[in-house]
Every structure is written in C-alpha cells, then in structure tokens.
There are 2 protein chains.
Amino acid sequence: MSSLVGSAWLFDVDGTLVDSNYLHVMAWLHAFATLDRPVPAWRIHRDIGMDATELLEDLLGEDAEALGAAAKAAHAHAYNDTTHLLKPLPGSRELIRYLTGHGAAVVLATSAPPEELTVLRRVLDVDDVLTAVTNADDVDTAKPDPSIVKIAIDRSGRPAERALFIGDAIWDMRAAKTAGIDRIGVLSGGISDVELRAAGAREVFADPAALLSSLDRPHKAA
Amino acid sequence: MSSLVGSAWLFDVDGTLVDSNYLHVMAWLHAFATLDRPVPAWRIHRDIGMDATELLEDLLGEDAEALGAAAKAAHAHAYNDTTHLLKPLPGSRELIRYLTGHGAAVVLATSAPPEELTVLRRVLDVDDVLTAVTNADDVDTAKPDPSIVKIAIDRSGRPAERALFIGDAIWDMRAAKTAGIDRIGVLSGGISDVELRAAGAREVFADPAALLSSLDRPHKAA
C-alpha cells in the first residue's frame, strides 16, 4: 500500500459500512407482499445496491412504473420500523478515522435517499472527518451508472488515479470499473468473493475491520 | 437423467422449497440485539441451515451455552411475527408433484423444530404426496452431521445409490457428501453457485422451477 496522503477513499454505505442490506431485503419483501406481487428474497438481495428505480424495474418488469411509487412508500415504511437494529459493520468507524488520520480524503458515495442517509450517518458517527457525501438527489440515475462515482471523486478534491472505491455489491464494482476507479470488495453485504471479483474487485475483504488490518500491518512492521 | 422410478429425492426445506432464509436472518438479528450481542447479518446468513445449537456456538462462541435458550426463544418469537410472509419458492410444489407422479419418493429432510415445520408444510401444501418427513427431534445433532440425511434415506425406503439431496446451504452439501449421497444445490437460499459447488454440489440451479425445467426437457423432446 502506497502512502495514504493525497488518496481518496470512496465508500458505499449500505452493506459496506452499515449492516443494513438484510433490513432492506426484508423491507422490500414486505412491500412486494403488500402489493400482492411477491418476489423471492434472494433475488431482492442480489439487487440491493442498485438505485431503487432500477431495482423495481428489474424485479417487477413492466409493472414497475405503475407500482413503483407504492412499492417505495411501503419499503420506506417497513424499513423505518427496523432501523433501531442498524449497527456499523465491524471496523467501519476505525477504518475511516485511520484513513483520514493518515492524510486520505474519505467520501460516502451512495445513492441512498437523503432521509435514509441521515439515519446511516447517525449510526456511523464519523461526520467530523468526512470530506464529502453524495446521495440519491445528486444524480438522475445512480449506480450501476458511474455518475455517482464521478461526483464522489470530484468532491474528494483528489485525482481519479489516487481514488479507490470500496463496496459490497456487484453494482458498486461495475460502476467504479466503468468510471475507471480502482476497486475493493467487502463480503459484509452478503455477496460472495467470486461474484465481487467477477464484477471487477481487485481485492476482497470480509469487512472494514479486515481491510483496516491489511493497511495497518506494514505500518506496524516498520 | 435416468428414470425417476425407484429414486429418492431428499429435500431441505428452508431456502430450498420455502422462501424462509431471510426471515430467519432477521429473526436472529432481532434475537442477538435483544441479548445485546449483535452479530453482522451476513455471518448469520451463512450459518442458516445449520442446527440452531451449532449456529449459536459458531456465532456466540463460549457465550452460546449461557445465552442459547434465550436466543432461541427470542428468535422463535421474532420469526413467528413474520411467517405471514412465507411463500413456496417458484416451482416447489410443481417439482415435488412431478417427481412423485413419475415414481420417485420425496422426503423432507430438515432439522427444523417441529413447530416451524408445521408452518412450512402448510405453506408448501404437498403433504398428500410425501413419503416421509424428518425434523429436529429425529437427531441429537443435525446437519452438518450427516445423520439427518441417513434417517431421510431410511424413511424413503429406497437404496442410497438412488438417492439425491437437494439443498441451498453449504451445510446441506457437506452433510449429504459425508453420507455418500449425490447432491444438487439451489441458489434460492442466497448462497452462491461457486460456494455450493465447493461444498460438494454436482449441479446448481436457480430454484426448484429451474430444476424442474431441466427434468422436463428430455420428456418434452421425446
């Protein structure tokens, strides 16, 4: 690992820094049941990390337009009922504080709706060291469209060649690859090592704690 | 595919025939939060399919004995609150009725507690064609210990050489492999193709519907 000074670390949030993916799966499961359009949970899980509009198009097909608004409202309602269960993933806070303490810029690069992001930021409790944050309002089409990644790089104030994207979803890896940004995957969203590498991850760690250990090791040895 | 007459099909239920895995993940997440011992959801997910006692040993370590009974009670309570969301996975009923209609014996080979299994059987609605069922009371230690698989073979009344185990978990594949039984994996529990093959799956299908299509094809062509 070269020096962290001058580098930019762009983090997905859901499933990467906060343990929220399975809450979203359940919330969509509730929403689709309410609409009497059940979708198997594993298919929902594999679409977590996509923009909500694209997730609905993938899972509901041509009914997405008619049912989309009701589905999003039902999902938001069900998700809000479970946010007391949200926890940072192991090592999230420590990794971010380590990076910023060593000269890296850290950006939360997410397409979560603003109201969800407010809750996630409260759970993470690292706002005092963040360089920037993106949310769903920043782009018309979020990941896998790479524009959210490009906005995050711009806001980092660092060159793209020194930027790294960290995410748990296939969509994260694809979006960062399309934007030409180096990529690290984490297993903490529930997607497997092989799938993340196939989507473009250069390295995969269990969670932020494992990624932090890998950074810390050479420094300790020095 | 050789003739189905005389064959035995042993099915895991959770995540294989009924879309219950993500409900179990949420129920354990609730239970661990209640006990103030949070565990990341993806680690819970990867242990679904193990016997509850072994799952607790893996996730809570040396505290499993002290907290196990309270954790199981909290899980059962949270799970029961969500069972109205349970659905058969696509093709489950059709596959089982196709198999029994063509001379195969079908056994539900699960280590689910009896009260959970009652609900799962109601959701599946195939009791009239089943040869046998196992549950948690049938063995002291369930999967990955192979004894539940052996009990299921015995109850099928068919020779082990004609038996096939179908499951969604790494633990299913390992248990059937240890018992010397041929194995097919399904993705509908949320575990990836590569992981299921590494654990011993000879073939992997998306869900029971995809498995049924693969059986039906030669007959249609004939």
# chains A, B, ... in the order shown; residues from 1 in each chain; ligands from 1
call {"tool": "closest_atom_pairs", "arguments": {"of": "chain B", "to": "chain A", "cutoff": "8 Å", "atoms": "only C-alpha atoms", "output": "tab-separated table"}}
result
residue	atom	partner	partner_atom	distance
B:Asp19	CA	A:Pro40	CA	6.5
B:Tyr22	CA	A:Ala41	CA	6.6
B:Leu23	CA	A:Met26	CA	7.4
B:Val25	CA	A:Tyr22	CA	7.7
B:Met26	CA	A:Tyr22	CA	7.2
B:Leu29	CA	A:Leu85	CA	7.7
B:His30	CA	A:Leu85	CA	7.2
B:Ala33	CA	A:Leu85	CA	7.0
B:Pro40	CA	A:Asp19	CA	6.5
B:Ala41	CA	A:Tyr22	CA	6.6
B:Trp42	CA	A:Gly190	CA	4.9
B:Arg43	CA	A:Ser188	CA	7.9
B:His45	CA	A:Gly190	CA	7.7
B:Leu85	CA	A:Ala33	CA	7.0
B:Leu89	CA	A:Pro40	CA	6.8
B:Leu187	CA	A:Trp42	CA	7.7
B:Ser188	CA	A:Trp42	CA	5.8
B:Gly189	CA	A:Trp42	CA	6.3
B:Gly190	CA	A:Trp42	CA	4.9
B:Ile191	CA	A:Ser192	CA	7.9
B:Ser192	CA	A:Ser192	CA	6.6
B:Val194	CA	A:Val194	CA	7.2
call {"tool": "residues_around", "arguments": {"residues": "region 162-167 of chain A", "least_positions_apart": "3", "cutoff": "8 Å", "atoms": "only C-alpha atoms", "output": "PyMOL selection string"}}
result
chain A and resi 6-13+15-16+153+158-159+172-173+176+181-186
call {"tool": "select_by_dssp", "arguments": {"residues": "region 1-206 of chain A", "states": "helix (DSSP H, G or I)", "output": "ChimeraX atom specification"}}
result
/A:21-34,41-47,52-80,83-85,92-101,114-124,127-129,136-138,147-156,160-162,170-178,187-189,193-198
call {"tool": "atom_distance", "arguments": {"atom1": "CA of Trp171 (chain B)", "atom2": "CA of Ala112 (chain B)"}}
result
13.7 Å
